[in-house]
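Quick look at start30.cif (mmCIF, C-alpha atoms (C1' of nucleotides)):
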```cif
data_target
#
loop_
_atom_site.group_PDB
_atom_site.id
_atom_site.type_symbol
_atom_site.label_atom_id
_atom_site.label_comp_id
_atom_site.auth_asym_id
_atom_site.auth_seq_id
_atom_site.Cartn_x
_atom_site.Cartn_y
_atom_site.Cartn_z
ATOM 1 C CA MET O 1 6.317 -5.270 -18.083
ATOM 2 C CA SER O 2 5.128 -7.177 -21.094
ATOM 3 C CA LYS O 3 3.213 -5.663 -23.999
ATOM 4 C CA GLU O 4 0.262 -7.774 -23.012
ATOM 5 C CA GLN O 5 0.215 -6.309 -19.499
ATOM 6 C CA THR O 6 0.647 -2.782 -20.827
ATOM 7 C CA ARG O 7 -2.541 -3.188 -22.811
ATOM 8 C CA ARG O 8 -4.367 -3.915 -19.591
ATOM 9 C CA VAL O 9 -3.643 -0.616 -17.827
ATOM 10 C CA LEU O 10 -6.877 0.528 -16.203
ATOM 11 C CA PRO O 11 -8.322 3.351 -18.341
ATOM 12 C CA ARG O 12 -9.305 6.839 -17.219
ATOM 13 C CA SER O 13 -12.960 5.825 -17.298
ATOM 14 C CA PHE O 14 -12.342 3.302 -14.521
ATOM 15 C CA TYR O 15 -11.389 6.094 -12.126
ATOM 16 C CA THR O 16 -13.684 8.981 -13.069
ATOM 17 C CA ARG O 17 -16.863 7.207 -11.988
ATOM 18 C CA LEU O 18 -18.742 7.711 -8.734
ATOM 19 C CA ASP O 19 -18.332 6.901 -6.140
ATOM 20 C CA ALA O 20 -15.020 6.095 -4.486
ATOM 21 C CA THR O 21 -16.448 3.172 -2.516
ATOM 22 C CA VAL O 22 -17.362 1.422 -5.777
ATOM 23 C CA ILE O 23 -13.868 1.950 -7.130
ATOM 24 C CA ALA O 24 -12.253 0.934 -3.825
ATOM 25 C CA ARG O 25 -14.136 -2.353 -4.038
ATOM 26 C CA GLU O 26 -13.261 -2.915 -7.700
ATOM 27 C CA LEU O 27 -9.584 -2.137 -7.170
ATOM 28 C CA LEU O 28 -9.344 -5.335 -5.109
ATOM 29 C CA GLY O 29 -7.654 -7.945 -7.294
ATOM 30 C CA LYS O 30 -6.071 -5.339 -9.589
ATOM 31 C CA VAL O 31 -2.290 -5.100 -9.826
ATOM 32 C CA ILE O 32 0.081 -2.213 -9.005
ATOM 33 C CA VAL O 33 3.202 -2.300 -11.182
ATOM 34 C CA THR O 34 6.185 -0.076 -10.360
ATOM 35 C CA SER O 35 9.469 0.378 -12.185
ATOM 36 C CA SER O 36 12.676 2.045 -11.085
ATOM 37 C CA GLU O 37 16.397 1.658 -11.648
ATOM 38 C CA GLU O 38 16.306 -1.112 -9.053
ATOM 39 C CA GLY O 39 13.875 -3.123 -11.136
ATOM 40 C CA GLU O 40 10.206 -3.848 -11.602
ATOM 41 C CA THR O 41 7.900 -4.948 -8.794
ATOM 42 C CA ALA O 42 4.197 -5.709 -8.626
ATOM 43 C CA GLY O 43 1.547 -6.537 -6.054
ATOM 44 C CA ILE O 44 -2.106 -7.558 -6.086
ATOM 45 C CA ILE O 45 -4.327 -5.069 -4.232
ATOM 46 C CA VAL O 46 -6.043 -6.920 -1.369
ATOM 47 C CA GLU O 47 -7.178 -4.038 0.869
ATOM 48 C CA THR O 48 -8.398 -0.471 0.201
ATOM 49 C CA GLU O 49 -10.173 2.457 1.829
ATOM 50 C CA ALA O 50 -12.322 5.165 0.230
ATOM 51 C CA TYR O 51 -11.963 8.850 1.112
ATOM 52 C CA MET O 52 -14.636 11.118 -0.260
ATOM 53 C CA GLY O 53 -14.143 14.789 -0.586
ATOM 54 C CA PRO O 54 -15.698 17.688 1.254
ATOM 55 C CA ASP O 55 -18.213 15.836 3.410
ATOM 56 C CA ASP O 56 -15.786 13.231 4.762
ATOM 57 C CA LEU O 57 -14.133 14.623 7.892
ATOM 58 C CA ALA O 58 -11.364 12.032 7.696
ATOM 59 C CA CYS O 59 -10.469 13.037 4.147
ATOM 60 C CA HIS O 60 -7.684 15.519 3.464
ATOM 61 C CA ALA O 61 -10.106 17.242 1.091
ATOM 62 C CA HIS O 62 -12.836 17.763 3.674
ATOM 63 C CA SER O 63 -14.577 21.134 3.497
ATOM 64 C CA ASN O 64 -12.936 21.610 0.103
ATOM 65 C CA ARG O 65 -9.789 22.889 1.713
ATOM 66 C CA ILE O 66 -6.804 23.063 -0.595
ATOM 67 C CA THR O 67 -3.211 22.992 0.665
ATOM 68 C CA PRO O 68 0.112 22.310 -1.049
ATOM 69 C CA ARG O 69 -0.022 18.738 0.216
ATOM 70 C CA ASN O 70 -3.550 17.779 -0.799
ATOM 71 C CA LYS O 71 -3.974 19.636 -4.065
ATOM 72 C CA THR O 72 -3.316 16.590 -6.254
ATOM 73 C CA MET O 73 -6.312 14.986 -4.580
ATOM 74 C CA TYR O 74 -8.410 17.374 -6.653
ATOM 75 C CA ASP O 75 -6.863 16.218 -9.924
ATOM 76 C CA ILE O 76 -8.745 13.977 -12.319
ATOM 77 C CA GLY O 77 -9.335 10.327 -11.384
ATOM 78 C CA GLY O 78 -6.383 8.111 -12.264
ATOM 79 C CA THR O 79 -3.781 10.427 -10.743
ATOM 80 C CA SER O 80 -1.479 9.233 -7.937
ATOM 81 C CA TYR O 81 -1.720 10.964 -4.552
ATOM 82 C CA VAL O 82 1.264 10.160 -2.339
ATOM 83 C CA TYR O 83 1.869 11.921 0.956
ATOM 84 C CA ILE O 84 4.023 11.505 4.038
ATOM 85 C CA CYS O 85 2.295 10.207 7.149
ATOM 86 C CA TYR O 86 3.786 10.397 10.658
ATOM 87 C CA GLY O 87 6.806 12.083 9.178
ATOM 88 C CA MET O 88 8.204 8.904 7.650
ATOM 89 C CA HIS O 89 5.712 6.762 5.760
ATOM 90 C CA ASN O 90 4.693 7.272 2.141
ATOM 91 C CA LEU O 91 0.983 6.506 1.699
ATOM 92 C CA PHE O 92 -0.289 5.793 -1.816
ATOM 93 C CA ASN O 93 -3.762 6.696 -3.093
ATOM 94 C CA ALA O 94 -5.454 6.587 -6.477
ATOM 95 C CA VAL O 95 -7.448 9.779 -7.065
ATOM 96 C CA THR O 96 -11.015 9.063 -8.234
ATOM 97 C CA GLY O 97 -13.882 11.073 -9.670
ATOM 98 C CA GLU O 98 -13.734 14.118 -11.890
ATOM 99 C CA GLU O 99 -11.299 16.964 -11.472
ATOM 100 C CA GLY O 100 -12.091 19.088 -8.427
ATOM 101 C CA MET O 101 -13.935 16.420 -6.429
ATOM 102 C CA GLY O 102 -11.232 15.480 -3.971
ATOM 103 C CA HIS O 103 -11.983 11.766 -3.825
ATOM 104 C CA ALA O 104 -9.352 9.031 -3.512
ATOM 105 C CA VAL O 105 -8.774 5.389 -2.630
ATOM 106 C CA LEU O 106 -5.991 4.502 -0.181
ATOM 107 C CA ILE O 107 -4.204 1.219 -0.898
ATOM 108 C CA ARG O 108 -3.678 -0.507 2.464
ATOM 109 C CA ALA O 109 -2.176 -3.882 1.499
ATOM 110 C CA VAL O 110 -0.960 -5.873 -1.493
ATOM 111 C CA GLU O 111 -0.020 -9.496 -2.119
ATOM 112 C CA PRO O 112 3.454 -9.682 -3.716
ATOM 113 C CA LEU O 113 3.267 -10.787 -7.340
ATOM 114 C CA LEU O 114 6.562 -9.917 -9.015
ATOM 115 C CA ASN O 115 10.167 -9.606 -7.773
ATOM 116 C CA GLU O 116 9.713 -10.625 -4.146
ATOM 117 C CA THR O 117 13.488 -10.472 -3.759
ATOM 118 C CA LEU O 118 13.612 -6.728 -4.420
ATOM 119 C CA MET O 119 10.594 -6.062 -2.199
ATOM 120 C CA VAL O 120 12.125 -8.011 0.686
ATOM 121 C CA SER O 121 15.404 -6.164 0.334
ATOM 122 C CA ARG O 122 13.739 -2.730 0.200
ATOM 123 C CA ARG O 123 12.012 -3.654 3.474
ATOM 124 C CA ARG O 124 15.374 -4.688 4.946
ATOM 125 C CA LYS O 125 14.080 -8.137 5.791
ATOM 126 C CA GLU O 126 15.414 -11.620 5.125
ATOM 127 C CA LYS O 127 12.486 -13.491 3.667
ATOM 128 C CA ILE O 128 9.074 -13.041 2.128
ATOM 129 C CA SER O 129 6.115 -12.852 4.515
ATOM 130 C CA PRO O 130 3.013 -10.694 4.976
ATOM 131 C CA VAL O 131 4.973 -8.095 6.999
ATOM 132 C CA ILE O 132 6.615 -7.055 3.731
ATOM 133 C CA THR O 133 3.434 -5.478 2.304
ATOM 134 C CA ASN O 134 0.555 -5.666 4.842
ATOM 135 C CA GLY O 135 0.225 -1.954 5.586
ATOM 136 C CA PRO O 136 0.023 1.286 3.601
ATOM 137 C CA GLY O 137 3.498 2.443 4.634
ATOM 138 C CA LYS O 138 5.009 -1.010 4.201
ATOM 139 C CA LEU O 139 3.744 -1.603 0.672
ATOM 140 C CA SER O 140 5.069 1.769 -0.433
ATOM 141 C CA THR O 141 8.535 0.856 0.806
ATOM 142 C CA ALA O 142 8.328 -2.575 -0.821
ATOM 143 C CA LEU O 143 7.152 -1.182 -4.158
ATOM 144 C CA GLY O 144 9.554 1.782 -4.074
ATOM 145 C CA ILE O 145 6.782 4.404 -3.899
ATOM 146 C CA THR O 146 7.840 7.821 -2.569
ATOM 147 C CA LYS O 147 6.242 11.255 -2.539
ATOM 148 C CA GLU O 148 8.282 12.042 -5.655
ATOM 149 C CA TRP O 149 5.636 9.989 -7.436
ATOM 150 C CA ASN O 150 2.825 12.268 -6.277
ATOM 151 C CA GLY O 151 0.711 13.562 -9.159
ATOM 152 C CA LEU O 152 1.643 10.899 -11.747
ATOM 153 C CA ASP O 153 -0.768 9.499 -14.327
ATOM 154 C CA LEU O 154 -1.658 5.936 -13.331
ATOM 155 C CA THR O 155 -3.250 5.319 -16.731
ATOM 156 C CA ASP O 156 -0.108 6.074 -18.756
ATOM 157 C CA PRO O 157 1.901 2.906 -19.521
ATOM 158 C CA LYS O 158 5.065 5.021 -19.423
ATOM 159 C CA SER O 159 4.528 6.036 -15.782
ATOM 160 C CA PRO O 160 6.788 4.395 -13.172
ATOM 161 C CA ILE O 161 3.632 3.402 -11.331
ATOM 162 C CA ILE O 162 0.516 2.063 -13.015
ATOM 163 C CA ILE O 163 -2.421 -0.139 -12.078
ATOM 164 C CA VAL O 164 -3.361 -2.961 -14.445
ATOM 165 C CA ASP O 165 -6.157 -5.457 -14.668
ATOM 166 C CA GLY O 166 -4.014 -8.469 -13.977
ATOM 167 C CA SER O 167 -6.636 -10.803 -15.433
ATOM 168 C CA LEU O 168 -5.472 -13.195 -12.767
ATOM 169 C CA ASP O 169 -6.840 -16.709 -12.935
ATOM 170 C CA ARG O 170 -7.636 -16.624 -9.242
ATOM 171 C CA GLU O 171 -10.626 -16.785 -6.946
ATOM 172 C CA PHE O 172 -10.248 -14.214 -4.157
ATOM 173 C CA GLY O 173 -13.438 -15.017 -2.273
ATOM 174 C CA ARG O 174 -15.573 -12.881 -0.025
ATOM 175 C CA ILE O 175 -14.968 -9.155 0.513
ATOM 176 C CA ASP O 176 -15.222 -7.716 4.045
ATOM 177 C CA GLU O 177 -16.427 -4.159 4.588
ATOM 178 C CA GLY O 178 -15.778 -2.257 7.786
ATOM 179 C CA PRO O 179 -14.770 1.049 9.344
ATOM 180 C CA ARG O 180 -11.545 2.615 8.172
ATOM 181 C CA VAL O 181 -8.373 2.272 10.219
ATOM 182 C CA GLY O 182 -7.022 5.123 12.350
ATOM 183 C CA MET O 183 -10.336 6.929 12.775
ATOM 184 C CA SER O 184 -10.396 7.002 16.592
ATOM 185 C CA HIS O 185 -10.444 10.798 16.733
ATOM 186 C CA HIS O 186 -13.208 11.011 14.126
ATOM 187 C CA THR O 187 -15.952 9.401 16.214
ATOM 188 C CA LYS O 188 -18.350 12.229 15.294
ATOM 189 C CA ASN O 189 -19.732 10.728 12.097
ATOM 190 C CA CYS O 190 -17.372 9.674 9.342
ATOM 191 C CA GLY O 191 -15.335 7.507 11.704
ATOM 192 C CA ASN O 192 -17.626 4.521 11.410
ATOM 193 C CA PHE O 193 -18.428 4.709 7.708
ATOM 194 C CA PRO O 194 -17.848 1.181 6.332
ATOM 195 C CA TRP O 195 -15.425 2.360 3.682
ATOM 196 C CA ARG O 196 -12.661 -0.181 4.205
ATOM 197 C CA PHE O 197 -12.628 -3.158 1.850
ATOM 198 C CA LYS O 198 -10.522 -6.301 2.085
ATOM 199 C CA TYR O 199 -10.553 -9.925 1.088
ATOM 200 C CA ALA O 200 -11.873 -11.909 4.040
ATOM 201 C CA ASP O 201 -9.633 -14.928 3.478
ATOM 202 C CA ASN O 202 -6.376 -13.399 2.259
ATOM 203 C CA LYS O 203 -3.381 -13.515 4.588
ATOM 204 C CA TRP O 204 -1.702 -10.471 3.004
ATOM 205 C CA THR O 205 -4.201 -7.945 4.411
ATOM 206 C CA SER O 206 -3.230 -5.490 7.149
ATOM 207 C CA LYS O 207 -3.835 -5.254 10.867
ATOM 208 C CA PRO O 208 -6.187 -4.749 12.513
ATOM 209 C CA ASP O 209 -7.544 -7.712 10.616
ATOM 210 C CA LYS O 210 -10.815 -7.698 12.529
ATOM 211 C CA VAL O 211 -13.670 -5.777 10.973
ATOM 212 C CA SER O 212 -15.646 -4.413 13.876
ATOM 213 C CA TYR O 213 -18.198 -1.789 14.797
ATOM 214 C CA ASP O 214 -17.725 -2.084 18.573
ATOM 215 C CA TRP O 215 -17.332 1.631 19.184
ATOM 216 C "C1'" DC U 1 7.642 31.355 13.945
ATOM 217 C "C1'" DG U 2 6.214 27.728 17.470
ATOM 218 C "C1'" DA U 3 3.019 24.087 18.608
ATOM 219 C "C1'" DA U 4 0.171 20.399 17.485
ATOM 220 C "C1'" DT U 5 -1.013 16.617 14.773
ATOM 221 C "C1'" DG U 6 -1.136 12.404 12.353
ATOM 222 C "C1'" DA U 7 -5.084 7.569 6.603
ATOM 223 C "C1'" DT U 8 1.888 4.198 10.745
ATOM 224 C "C1'" DC U 9 5.344 1.029 12.253
ATOM 225 C "C1'" DG U 10 8.226 -1.733 15.107
ATOM 226 C "C1'" DG U 11 9.879 -2.895 19.485
ATOM 227 C "C1'" DC U 12 8.902 -4.207 24.024
ATOM 228 C "C1'" DT U 13 5.968 -6.061 28.072
ATOM 229 C "C1'" DG E 1 -1.607 -4.250 24.241
ATOM 230 C "C1'" DC E 2 1.152 -0.120 24.881
ATOM 231 C "C1'" DC E 3 4.402 3.373 23.593
ATOM 232 C "C1'" DG E 4 7.912 6.089 21.398
ATOM 233 C "C1'" DA E 5 10.034 7.361 16.929
ATOM 234 C "C1'" DT E 6 10.128 11.030 13.698
ATOM 235 C "C1'" DC E 7 9.125 14.985 10.684
ATOM 236 C "C1'" DA E 8 6.190 16.946 6.854
ATOM 237 C "C1'" DT E 9 2.422 19.608 7.132
ATOM 238 C "C1'" DT E 10 -0.978 22.688 8.932
ATOM 239 C "C1'" DC E 11 -2.686 26.279 11.665
ATOM 240 C "C1'" DG E 12 -2.708 30.126 14.655
ATOM 241 C "C1'" DA E 13 -0.259 34.181 16.659
#
```

Let me see whether you can do it: turn the structure in this file into structure tokens.
Amino acid sequence: MSKEQTRRVLPRSFYTRLDATVIARELLGKVIVTSSEEGETAGIIVETEAYMGPDDLACHAHSNRITPRNKTMYDIGGTSYVYICYGMHNLFNAVTGEEGMGHAVLIRAVEPLLNETLMVSRRRKEKISPVITNGPGKLSTALGITKEWNGLDLTDPKSPIIIVDGSLDREFGRIDEGPRVGMSHHTKNCGNFPWRFKYADNKWTSKPDKVSYDW
DNA sequence: CGAATGATCGGCT
DNA sequence: GCCGATCATTCGA
């Protein structure tokens, strides 16, 4: 990563604000940069979901419960929270809020920006297409994110994973809001909170691509 | 210690 | 659209 990009790492103050839905929205268009021995890769965030602490039944931090898995969710905003889902997928979140709050933003899709070749090969595919990064598990594979990167400081330029303000000369258009994905068993209340954010006209977003309240 | 459960994905119909 | 893979994690006995 260039010196110029390093200067644009999102600062702590970006993450420690309230609430997570604001940050989830503002993370759209920002850039995740990862580095490993394999090389450097980067993607533009095009889809996010907010998870908010004790009152959000779908959040790992609901009811303020603390377990070995979710404890980094209570760290200060700007920390990475990576966990294994369905026994095989690494899901990447940016912790938000102050220490102890248990808020985070899940990154659900990115648009490849740097080193498509490495991302395609990590996904064991032949060519670049949205299937490389259009899901939370997929983008982690493409960017080389594993649970070993849980608890890292996303605001430290020396971290293997950081989020920068790409200052991209791009117009991303309208933002869709809708219910979060995978909430079918949370129909009680939190299931239909409109805490999923995505660019309406970007082909790199995940499925289901329809934003609906028909349930 | 055993059973149940996923903030998913990919293959198949 | 449906379904099985696959296992870390959590919870209860």

_Between atom CA of Leu154 of chain O and atom CA of Thr79 of chain O, what distance in Å does the model show, to one decimal?_
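Separation of atom CA of Leu154 of chain O and atom CA of Thr79 of chain O: 5.6 Å.
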
*asked:* Give me the residues near segment 37-41 of chain O as a VMD selection string, where near means some atom within 9 Å (using all atoms listed in the file) and where sequence neighbours in that chain fewer than 6 positions away do not count.
replied: chain O and resid 1 112 to 116 118 to 119 142 to 144

*Applied to the shown file, which residues does the PyMOL selection byres ((chain E and resi 5) around 10) return, written as a VMD selection string?*
(chain O and resid 86 to 88) or (chain U and resid 9 to 10) or (chain E and resid 3 to 4 6 to 7)

Residue by residue, what does the PyMOL selection byres ((chain U) within 10 of (chain O)) grab here? Present the result as an mmCIF file with C-alpha atoms (C1' of nucleotides), in the frame of the given file.
```
data_model
loop_
_atom_site.group_PDB
_atom_site.id
_atom_site.type_symbol
_atom_site.label_atom_id
_atom_site.label_comp_id
_atom_site.auth_asym_id
_atom_site.auth_seq_id
_atom_site.Cartn_x
_atom_site.Cartn_y
_atom_site.Cartn_z
ATOM 1 C "C1'" DT U 5 -1.013 16.617 14.773
ATOM 2 C "C1'" DG U 6 -1.136 12.404 12.353
ATOM 3 C "C1'" DA U 7 -5.084 7.569 6.603
ATOM 4 C "C1'" DT U 8 1.888 4.198 10.745
ATOM 5 C "C1'" DC U 9 5.344 1.029 12.253
#
```

*asked:* As an exercise, work out the distance from atom CA of Ile132 of chain O to atom CA of Lys203 of chain O in Å and give it to one decimal place.
replied: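 These atoms are spaced 11.9 Å apart.
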
*asked:* What's the separation between atom CA of Met101 of chain O and atom CA of Asp153 of chain O, in Å to one decimal place?
replied: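 Straight-line distance from atom CA of Met101 of chain O to atom CA of Asp153 of chain O works out to 16.8 Å.
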
*Would you kindly return, as an NGL selection string, each protein, DNA or RNA residue with an atom no farther than 12 Å from any atom of DC2 of chain E, considering all atoms listed in the file and excluding same-chain residues fewer than 3 positions away?*
:U and (11-13)

Taking all atoms of chain E that the file lists, what box with edges along x, y and z, padded by 4 Å per side, do you get, with centre and edge lengths in Å to one decimal, as JSON?
```
{"center_x": 3.7, "center_y": 15.0, "center_z": 15.9, "size_x": 20.8, "size_y": 46.4, "size_z": 26.0}
```

Selection near DA4 of chain U, 12 Å with all atoms listed in the file, sequence-local residues under 6 positions removed, as a short mmCIF file (atom, residue, chain, number, x, y, z; two decimals) with C-alpha atoms (C1' of nucleotides), in the coordinates of the input:
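Output file part16.cif follows:
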```cif
data_model
loop_
_atom_site.label_atom_id
_atom_site.label_comp_id
_atom_site.auth_asym_id
_atom_site.auth_seq_id
_atom_site.Cartn_x
_atom_site.Cartn_y
_atom_site.Cartn_z
"C1'" DT E 9 2.42 19.61 7.13
"C1'" DT E 10 -0.98 22.69 8.93
"C1'" DC E 11 -2.69 26.28 11.66
"C1'" DG E 12 -2.71 30.13 14.66
#
```

*Around the point (-6.2, 4.2, -20.0), in the coordinates given by the file, pick out the residues reaching within 6 Å, counting all atoms listed in the file, and return them as a ChimeraX atom specification.*
/O:9-12,155
